[in-house]
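final.cif, holding mmCIF, C-alpha atoms:
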data_query
loop_
_atom_site.label_atom_id
_atom_site.label_comp_id
_atom_site.auth_asym_id
_atom_site.auth_seq_id
_atom_site.Cartn_x
_atom_site.Cartn_y
_atom_site.Cartn_z
CA MET A 526 0.00 0.00 0.00
CA VAL A 527 2.72 2.40 1.03
CA LYS A 528 4.79 1.27 -1.90
CA THR A 529 2.08 1.89 -4.52
CA LEU A 530 1.36 5.33 -3.09
CA LYS A 531 5.06 6.11 -3.21
CA SER A 532 5.39 4.91 -6.80
CA LYS A 533 2.39 7.01 -7.77
CA LEU A 534 3.64 10.16 -6.08
CA LEU A 535 7.27 9.72 -7.09
CA PRO A 536 7.37 7.64 -10.28
CA THR A 537 11.02 8.58 -10.87
CA PRO A 538 12.72 9.57 -7.62
CA TYR A 539 16.09 10.33 -9.21
CA HIS A 540 14.59 12.71 -11.75
CA SER A 541 12.65 14.45 -8.97
CA LEU A 542 15.87 14.86 -6.99
CA LEU A 543 17.65 16.22 -10.08
CA LEU A 544 14.84 18.71 -10.81
CA TRP A 545 14.80 19.87 -7.19
CA THR A 546 18.59 20.36 -7.12
CA VAL A 547 18.63 22.25 -10.42
CA TRP A 548 15.84 24.55 -9.20
CA GLN A 549 17.66 25.30 -5.95
CA VAL A 550 20.96 25.98 -7.71
CA LEU A 551 19.23 28.32 -10.16
CA HIS A 552 17.38 30.36 -7.54
CA GLY A 553 19.41 30.06 -4.35
CA PHE A 554 18.26 28.28 -1.21
CA THR A 555 15.39 30.43 0.12
CA PRO A 556 12.34 28.92 1.90
CA GLY A 557 9.93 30.02 -0.84
CA HIS A 558 11.98 28.44 -3.59
CA ILE A 559 12.52 25.25 -1.57
CA LEU A 560 8.70 24.91 -1.36
CA LEU A 561 8.13 25.78 -5.03
CA GLY A 562 10.95 23.46 -6.09
CA THR A 563 9.43 20.60 -4.09
CA VAL A 564 6.02 21.14 -5.68
CA LEU A 565 7.52 21.22 -9.18
CA ALA A 566 9.80 18.24 -8.54
CA ILE A 567 6.75 16.18 -7.55
CA ALA A 568 4.32 17.52 -10.17
CA ILE A 569 6.48 17.41 -13.33
CA PRO A 570 7.44 13.68 -13.14
CA ILE A 571 3.77 12.77 -12.55
CA ILE A 572 2.68 14.80 -15.58
CA VAL A 573 5.34 13.38 -17.92
CA ALA A 574 5.15 9.78 -16.59
CA PRO A 575 3.08 8.51 -19.59
CA LEU A 576 5.81 9.68 -22.00
CA ARG A 577 8.47 7.67 -20.27
CA VAL A 578 10.26 4.71 -21.85
CA GLN A 579 11.59 2.10 -19.46
CA GLN A 580 15.40 2.25 -19.41
CA VAL A 581 18.04 0.07 -17.86
CA TYR A 582 19.51 1.38 -14.63
CA ALA A 583 23.19 1.74 -13.84
CA LYS A 584 23.92 -1.29 -11.69
CA LYS A 585 27.29 -0.06 -10.46
CA PRO A 586 27.18 3.72 -9.75
CA LEU A 587 30.78 3.83 -8.51
CA LEU A 588 32.08 2.46 -11.79
CA ALA A 589 29.92 5.05 -13.56
CA LEU A 590 31.68 7.77 -11.58
CA ARG A 591 35.03 6.32 -12.59
CA TYR A 592 33.91 6.26 -16.23
CA LEU A 593 32.97 9.94 -15.97
CA LEU A 594 36.40 10.87 -14.58
CA VAL A 595 38.19 8.86 -17.29
CA LEU A 596 36.04 10.63 -19.90
CA LEU A 597 36.86 14.09 -18.50
CA GLY A 598 40.58 13.25 -18.53
CA ASP A 599 40.32 12.02 -22.13
CA ILE A 600 38.49 15.20 -23.16
CA VAL A 601 41.35 17.34 -21.88
CA VAL A 602 44.08 15.17 -23.44
CA SER A 603 42.44 14.88 -26.85
CA ASN A 604 41.58 18.60 -26.84
CA ILE A 605 45.29 19.42 -26.66
CA ASP A 606 46.02 16.81 -29.32
CA VAL A 607 43.37 18.19 -31.69
CA ALA A 608 44.53 21.77 -31.04
CA LYS A 609 47.98 20.77 -32.33
CA ARG A 610 46.47 19.10 -35.41
CA VAL A 611 44.32 22.16 -36.19
CA LEU A 612 47.32 24.48 -36.08
CA GLN A 613 49.31 22.21 -38.40
CA SER A 614 48.99 22.31 -42.16
CA ASN A 615 45.86 20.74 -43.66
CA ARG A 616 47.95 18.43 -45.82
CA LYS A 617 49.25 16.47 -42.83
CA LEU A 618 45.69 15.70 -41.79
CA ARG A 619 44.33 12.24 -42.60
CA PRO A 620 40.59 12.33 -41.86
CA ALA A 621 38.73 9.05 -42.08
CA PHE A 622 35.41 7.32 -41.66
CA ILE A 623 35.43 4.13 -39.65
CA ALA A 624 32.73 1.56 -38.99
CA PHE A 625 32.76 0.56 -35.35
CA PRO A 626 31.13 -2.79 -34.43
CA VAL A 627 28.93 -2.06 -31.40
CA GLU A 628 28.16 -4.77 -28.90
CA LEU A 629 25.96 -2.75 -26.53
CA GLU A 630 22.27 -3.52 -26.93
CA PRO A 631 20.07 -1.29 -24.73
CA PRO A 632 19.42 2.29 -25.93
CA LEU A 633 20.69 4.16 -22.84
CA PRO A 634 24.25 2.76 -22.76
CA LEU A 635 24.38 3.09 -26.54
CA THR A 636 23.46 6.78 -26.27
CA ILE A 637 26.11 7.30 -23.60
CA LEU A 638 28.72 5.58 -25.79
CA THR A 639 27.94 7.68 -28.89
CA SER A 640 27.82 10.88 -26.80
CA SER A 641 31.19 10.10 -25.25
CA ILE A 642 32.66 9.51 -28.69
CA SER A 643 31.28 12.86 -29.90
CA LEU A 644 32.42 14.72 -26.78
CA THR A 645 36.06 13.69 -27.08
CA PRO A 646 37.44 16.04 -29.73
CA GLY A 647 38.83 14.32 -32.79
CA THR A 648 36.01 11.80 -33.12
CA VAL A 649 32.35 12.43 -33.99
CA SER A 650 29.78 9.65 -34.14
CA VAL A 651 27.88 10.12 -37.38
CA GLU A 652 25.25 7.45 -37.79
CA LEU A 653 24.07 4.09 -36.53
CA SER A 654 23.12 1.27 -38.88
CA LYS A 655 19.53 0.07 -38.79
CA ASP A 656 20.30 -3.17 -36.94
CA ARG A 657 22.32 -1.22 -34.34
CA LYS A 658 25.41 -3.28 -34.99
CA TRP A 659 27.59 -0.65 -36.68
CA LEU A 660 28.40 2.85 -35.56
CA TYR A 661 29.93 5.16 -38.15
CA ILE A 662 32.55 7.50 -36.72
CA HIS A 663 34.39 10.36 -38.39
CA VAL A 664 37.95 10.75 -37.14
CA LEU A 665 39.93 13.96 -37.66
CA HIS A 666 43.27 12.18 -37.93
CA LEU A 667 43.56 8.42 -38.21
CA ASP A 668 46.79 6.45 -38.20
CA ASP A 669 45.57 2.90 -37.62
CA GLU A 670 41.92 1.88 -37.94
CA GLN A 671 42.16 -1.34 -35.90
CA GLU A 672 44.03 0.41 -33.11
CA MET A 673 41.36 3.14 -32.92
CA ILE A 674 38.52 0.58 -32.76
CA ALA A 675 40.35 -1.42 -30.08
CA HIS A 676 40.98 1.80 -28.13
CA ILE A 677 37.31 2.81 -28.13
CA LYS A 678 36.24 -0.73 -27.24
CA GLN A 679 38.64 -1.02 -24.36
CA ARG A 680 38.36 2.53 -23.05
CA TYR A 681 34.61 3.25 -23.33
CA GLU A 682 32.57 0.23 -24.33
CA ARG A 683 33.89 -2.29 -21.81
CA PRO A 684 33.48 0.01 -18.76
CA LEU A 685 29.93 0.83 -19.92
CA ARG A 686 29.09 -2.87 -20.15
CA GLU A 687 30.38 -3.31 -16.63
CA VAL A 688 28.36 -0.32 -15.35
CA PHE A 689 25.09 -1.53 -16.88
CA GLN A 690 25.90 -5.26 -16.57
CA CYS A 691 24.82 -6.07 -20.11
CA MET B 47 39.65 38.92 -0.35
CA MET B 48 41.31 37.84 -3.61
CA GLY B 49 44.93 36.90 -3.02
CA PRO B 50 47.40 37.40 -5.87
CA ILE B 51 47.69 33.64 -6.30
CA THR B 52 43.94 33.10 -6.90
CA GLU B 53 43.96 36.07 -9.23
CA PHE B 54 46.82 34.56 -11.20
CA ILE B 55 45.10 31.16 -11.40
CA VAL B 56 41.82 32.69 -12.55
CA SER B 57 43.59 34.80 -15.20
CA ALA B 58 45.59 31.83 -16.49
CA VAL B 59 42.54 29.55 -16.75
CA LEU B 60 40.56 32.32 -18.49
CA ILE B 61 43.22 32.86 -21.14
CA ILE B 62 43.67 29.10 -21.70
CA GLY B 63 39.90 28.75 -22.19
CA ALA B 64 39.70 31.68 -24.58
CA GLY B 65 42.69 30.26 -26.46
CA PHE B 66 40.94 26.93 -26.94
CA MET B 67 37.82 28.71 -28.19
CA LEU B 68 39.96 30.67 -30.65
CA ILE B 69 41.64 27.46 -31.87
CA GLY B 70 38.19 25.92 -32.36
CA SER B 71 37.19 28.90 -34.50
CA ILE B 72 40.46 28.76 -36.45
CA GLY B 73 39.69 25.11 -37.11
CA LEU B 74 36.23 26.04 -38.32
CA ALA B 75 37.69 28.59 -40.71
CA LYS B 76 40.59 26.60 -42.14
CA LEU B 77 39.78 22.87 -42.09
CA PRO B 78 39.13 21.46 -45.57
CA ASP B 79 35.68 19.83 -45.53
CA PHE B 80 32.37 19.69 -43.68
CA PHE B 81 33.09 16.65 -41.51
CA THR B 82 36.44 17.92 -40.29
CA ARG B 83 34.85 21.30 -39.52
CA LEU B 84 32.32 19.45 -37.38
CA HIS B 85 35.07 18.86 -34.83
CA ALA B 86 35.43 22.59 -34.11
CA PRO B 87 32.29 23.31 -32.01
CA THR B 88 32.76 20.23 -29.80
CA LYS B 89 36.25 21.49 -29.02
CA ALA B 90 35.10 24.99 -28.18
CA SER B 91 32.13 23.85 -26.12
CA THR B 92 33.98 21.28 -24.03
CA LEU B 93 37.32 22.68 -22.97
CA GLY B 94 36.87 26.33 -24.05
CA VAL B 95 33.67 27.14 -22.19
CA GLY B 96 34.65 24.59 -19.52
CA CYS B 97 37.85 26.50 -18.64
CA ILE B 98 36.09 29.87 -18.58
CA LEU B 99 33.36 28.47 -16.32
CA VAL B 100 35.93 26.91 -13.99
CA ALA B 101 37.63 30.31 -13.74
CA SER B 102 34.31 31.94 -12.94
CA ILE B 103 33.49 29.30 -10.29
CA ILE B 104 36.84 29.94 -8.58
CA TYR B 105 36.42 33.71 -8.81
CA PHE B 106 32.87 33.98 -7.43
CA SER B 107 33.44 31.28 -4.79
CA VAL B 108 36.47 33.13 -3.43
CA GLN B 109 34.86 36.56 -3.72
CA LYS B 110 31.59 35.68 -1.98
CA GLY B 111 32.94 33.01 0.36
CA GLU B 112 30.33 30.47 -0.74
CA LEU B 113 30.25 27.92 -3.55
CA SER B 114 28.79 29.35 -6.76
CA LEU B 115 27.00 26.60 -8.69
CA ILE B 116 25.04 28.14 -11.59
CA GLU B 117 28.11 27.77 -13.79
CA MET B 118 28.01 24.03 -13.16
CA LEU B 119 24.51 23.97 -14.67
CA ILE B 120 25.74 25.69 -17.84
CA THR B 121 28.66 23.24 -18.17
CA LEU B 122 26.38 20.28 -17.58
CA PHE B 123 23.86 21.54 -20.12
CA LEU B 124 26.53 22.14 -22.76
CA LEU B 125 28.10 18.72 -22.14
CA ILE B 126 24.73 17.01 -22.58
CA THR B 127 23.60 18.91 -25.68
CA ALA B 128 26.89 19.23 -27.62
CA PRO B 129 26.99 15.59 -28.81
CA ILE B 130 23.33 15.69 -29.82
CA SER B 131 23.72 18.77 -31.98
CA ALA B 132 26.95 17.32 -33.43
CA HIS B 133 25.07 14.15 -34.35
CA MET B 134 22.21 16.11 -35.98
CA LEU B 135 24.70 18.23 -37.92
CA ALA B 136 26.45 15.08 -39.12
CA LYS B 137 23.12 13.67 -40.29
CA ALA B 138 22.40 16.91 -42.15
CA GLY B 139 25.85 16.71 -43.75
CA LEU B 140 25.24 13.13 -44.90
CA HIS B 141 21.88 14.16 -46.30
CA TYR B 142 23.46 17.04 -48.22
CA LYS B 143 26.19 14.69 -49.51
CA ALA B 144 28.79 17.13 -48.25
CA LYS B 145 32.04 17.04 -50.19
CA LEU B 146 34.90 15.17 -48.52
CA ALA B 147 38.52 16.24 -48.43
CA GLU B 148 40.57 14.48 -51.12
CA HIS B 149 42.59 12.19 -48.86
CA THR B 150 39.71 11.03 -46.65
CA GLN B 151 40.03 7.31 -45.90
CA ASN B 152 37.01 5.02 -46.47
CA PRO B 153 34.84 7.60 -48.29
CA GLN B 154 32.47 4.82 -49.42
CA LEU B 155 31.17 4.53 -45.85
CA THR B 156 29.19 7.80 -46.10
CA GLU B 157 26.77 6.22 -48.56
CA ARG B 158 26.36 3.13 -46.35
CA ALA B 159 25.83 5.33 -43.29
CA TYR B 160 23.24 7.42 -45.09
CA GLN B 161 21.27 4.29 -45.88
CA HIS B 162 21.61 3.03 -42.28
CA GLN B 163 23.26 -0.17 -43.45
CA GLY B 164 26.27 -2.17 -42.36
CA PRO B 165 29.65 -1.40 -43.97
CA GLU B 166 29.79 -4.57 -46.11
CA GLN B 167 27.90 -4.85 -49.36
CA ASP B 168 26.59 -8.36 -48.63
CA SER B 169 25.09 -7.49 -45.25
CA ASP B 170 21.85 -6.17 -46.73
CA GLU B 171 21.28 -9.28 -48.81
CA LYS B 172 20.70 -11.21 -45.62
CA GLN B 173 17.97 -8.86 -44.49
CA MET C 1435 45.84 41.85 -13.52
CA LEU C 1436 42.48 40.07 -13.69
CA GLU C 1437 40.89 42.88 -15.68
CA PHE C 1438 43.76 42.79 -18.14
CA ALA C 1439 43.36 39.01 -18.50
CA ILE C 1440 39.62 39.42 -19.08
CA LEU C 1441 40.29 41.96 -21.84
CA ILE C 1442 42.80 39.64 -23.54
CA ALA C 1443 40.34 36.74 -23.33
CA CYS C 1444 37.60 38.96 -24.79
CA GLY C 1445 39.92 39.88 -27.65
CA LEU C 1446 40.70 36.22 -28.41
CA ILE C 1447 37.02 35.26 -28.39
CA CYS C 1448 36.13 38.22 -30.63
CA ILE C 1449 38.73 37.12 -33.19
CA GLY C 1450 37.10 33.71 -32.99
CA LEU C 1451 33.68 35.27 -33.59
CA ALA C 1452 35.02 37.10 -36.64
CA LEU C 1453 36.39 33.82 -38.03
CA ASN C 1454 33.00 32.19 -37.44
CA ALA C 1455 31.29 35.04 -39.25
CA TRP C 1456 33.70 34.51 -42.14
CA ARG C 1457 32.70 30.85 -42.33
CA LEU C 1458 29.04 31.90 -42.08
CA ILE C 1459 29.45 34.19 -45.09
CA ILE C 1460 31.48 31.93 -47.38
CA GLY C 1461 29.56 28.74 -46.61
CA PRO C 1462 29.88 26.84 -48.99
CA THR C 1463 26.92 24.61 -47.99
CA THR C 1464 24.03 25.16 -45.58
CA PRO C 1465 25.28 22.64 -42.96
CA ASP C 1466 28.57 24.56 -42.87
CA ARG C 1467 26.64 27.71 -42.06
CA ILE C 1468 24.73 25.94 -39.29
CA ILE C 1469 28.03 24.83 -37.72
CA ALA C 1470 29.22 28.45 -37.90
CA VAL C 1471 26.07 29.66 -36.11
CA ASP C 1472 26.43 26.94 -33.46
CA THR C 1473 30.05 27.89 -32.77
CA MET C 1474 29.08 31.56 -32.65
CA TYR C 1475 26.49 30.75 -29.97
CA ILE C 1476 29.11 28.91 -27.91
CA ASN C 1477 31.61 31.75 -28.26
CA SER C 1478 29.00 34.28 -27.18
CA ILE C 1479 28.28 32.21 -24.05
CA GLY C 1480 31.98 32.59 -23.22
CA LEU C 1481 31.82 36.31 -23.96
CA ILE C 1482 28.80 36.83 -21.67
CA ILE C 1483 30.47 34.99 -18.79
CA LEU C 1484 33.52 37.21 -19.25
CA LEU C 1485 31.22 40.25 -19.10
CA GLY C 1486 29.79 38.92 -15.82
CA LEU C 1487 33.30 38.52 -14.42
CA TYR C 1488 34.22 42.04 -15.55
CA HIS C 1489 31.19 43.58 -13.82
CA HIS C 1490 31.46 41.28 -10.73
CA SER C 1491 27.85 40.18 -11.26
CA THR C 1492 26.31 36.71 -11.29
CA LEU C 1493 23.19 37.99 -13.07
CA TYR C 1494 24.73 37.32 -16.47
CA PHE C 1495 24.76 33.57 -15.90
CA GLU C 1496 21.04 33.31 -16.48
CA GLY C 1497 21.58 35.03 -19.82
CA ALA C 1498 24.33 32.51 -20.59
CA LEU C 1499 22.02 29.64 -19.68
CA LEU C 1500 19.32 31.05 -21.97
CA ILE C 1501 21.78 31.35 -24.85
CA ALA C 1502 22.88 27.75 -24.26
CA LEU C 1503 19.24 26.64 -24.45
CA LEU C 1504 18.58 28.68 -27.59
CA SER C 1505 21.72 27.37 -29.27
CA PHE C 1506 20.64 23.76 -28.82
CA VAL C 1507 17.05 24.34 -29.88
CA SER C 1508 17.97 26.40 -32.94
CA THR C 1509 20.64 23.94 -34.13
CA ALA C 1510 18.20 21.06 -33.70
CA ALA C 1511 15.49 22.97 -35.56
CA PHE C 1512 17.79 23.94 -38.45
CA CYS C 1513 19.03 20.37 -38.86
CA LYS C 1514 15.53 18.97 -38.65
CA TYR C 1515 14.42 21.41 -41.31
CA LEU C 1516 17.29 20.39 -43.60
CA LEU C 1517 16.61 16.70 -43.08
CA ARG C 1518 12.83 16.68 -43.42
CA GLY C 1519 11.78 20.03 -44.85
CA ASP C 1520 9.65 20.50 -41.77
CA ILE C 1521 10.31 21.28 -38.12
CA ILE C 1522 7.30 19.79 -36.36
CA GLU C 1523 6.00 16.58 -37.84
#
Rendering of file as structure tokens:
Amino acid sequence: MVKTLKSKLLPTPYHSLLLWTVWQVLHGFTPGHILLGTVLAIAIPIIVAPLRVQQVYAKKPLLALRYLLVLLGDIVVSNIDVAKRVLQSNRKLRPAFIAFPVELEPPLPLTILTSSISLTPGTVSVELSKDRKWLYIHVLHLDDEQEMIAHIKQRYERPLREVFQC
Amino acid sequence: MMGPITEFIVSAVLIIGAGFMLIGSIGLAKLPDFFTRLHAPTKASTLGVGCILVASIIYFSVQKGELSLIEMLITLFLLITAPISAHMLAKAGLHYKAKLAEHTQNPQLTERAYQHQGPEQDSDEKQ
Amino acid sequence: MLEFAILIACGLICIGLALNAWRLIIGPTTPDRIIAVDTMYINSIGLIILLGLYHHSTLYFEGALLIALLSFVSTAAFCKYLLRGDIIE
């Protein structure tokens, strides 16, 4: 009984918490805004609940945190690398398309993988094949295709599979 | 309130961030084709704006004595939306059959990607 | 020293904006122009935050947040229009 009431009032507790935090950060912690933020954080998830698609949850949040830190480090490193390539002559550049065989199945981890690839400068994920088995990536400068694929697999895809246990 | 060391750190981070944004724009202006130019905004929006926002967090936190968090929201928002707009731009480029630079490797993959198919020719016969 | 650094950073970003405007003018294709507009949005977010630092005011951040929102929505709308010839299906 308590559980059903709770799941009706708070269909997605994490989203409610996120909404509440964002509201407080935007407006500063004053009593009025804490009240308004609470009302909105409860009302909005109830209103949008019918639009929701069931997603897999991160089974190992600590590994997810580690993934995030690795990603931030990679963003900084590859930013410096790409900055050097941009300032060089265009003729030294060897842009390439590669087809990356994806093994992740559920949509959420797949979205996180493609977003991570786009966020690290030097690689942009372009398109996914219809059967979701191939991800097309444009690389600003490619030396070795197999090495690049192995790098993405080992650095991003395997940790994501561990986080979501799929 | 602001010691010379904090001031120096904030100034250095600001100039590094602005430098990365400038390099992103230089890339946008000089790179040879559409898909290579696509790398410019992701550069500017990740490390460029990121550095400037970090500088602003340090500055306002030290000046007011409490943590300033609105900048974190902007960073978070940019980090979430940048890959999505990059992906949509790439789709638009494929649709327009944007010209590729001469020495692009595997140019045949654009056509396969546009048709949402696997990279090998025989993979669609199975379907 | 900080004010001097802010001015230098402003100068760098403004050169960047000019380069983006150059790309916006010469094109050559529509997607190229959309990338130029997107990068201009991002550079102006940086410029607004610098303005906030210069005037010691946190009010400008809400403007920056609004520009970030607008940049995403407008890029998505432009691309959608190019892909489908329609924004809302």
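Atom CA of B:Ile55 to atom CA of B:Ser102 spans 10.9 Å [interatomic distance, one decimal].
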Counting all atoms listed in the file, the residue of B:Ala159, B:Cys97, B:Met118, B:Leu68 that sits nearest A:Lys655: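 Of all the options, B:Ala159 lies closest to A:Lys655.
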Within 8 Å of chain A: residues of chain B, using only C-alpha atoms, as a PyMOL selection string: chain B and resi 66+69-70+72-73+77-78+81-82+84-85+88-89+92-93+115-116+119+125+128-130+132-133+136-137+147+149-153+155-156+159-165
Target residues per the PyMOL selection byres ((chain C) within 9 of (chain B)), formatted as a ChimeraX atom specification: /C:1435-1440,1442-1454,1456-1457,1463-1466,1468-1470,1472-1474,1476-1477,1479-1480,1483-1484,1486-1487,1490-1492,1495-1496,1498-1499,1502-1503,1506-1507,1509-1510,1512-1514,1516-1517
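Interatomic distance, atom CA of A:Val688 against atom CA of A:Pro586: 7.0 Å.
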Within 12 Å of file point (10.4, 21.8, -4.3), counting only C-alpha atoms, expressed as a list in words: Ser541, Leu542, Leu543, Leu544, Trp545, Thr546, Val547, Trp548, Gln549, Val550, His552, Phe554, Thr555, Pro556, Gly557, His558, Ile559, Leu560, Leu561, Gly562, Thr563, Val564, Leu565, Ala566, Ile567, Ala568 and Ile569 of chain A
Separation of atom CA of C:Ala1455 from atom CA of C:Tyr1494, in Å and rounded to one decimal: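 Straight-line distance from atom CA of C:Ala1455 to atom CA of C:Tyr1494 works out to 23.8 Å.
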Closest of C:Ile1482, C:Ala1511, C:Ile1501, C:Leu1493 to chain A - atom-to-atom distances counting all atoms listed in the file: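 With all atoms listed in the file as the atom set, the closest residue is C:Leu1493.
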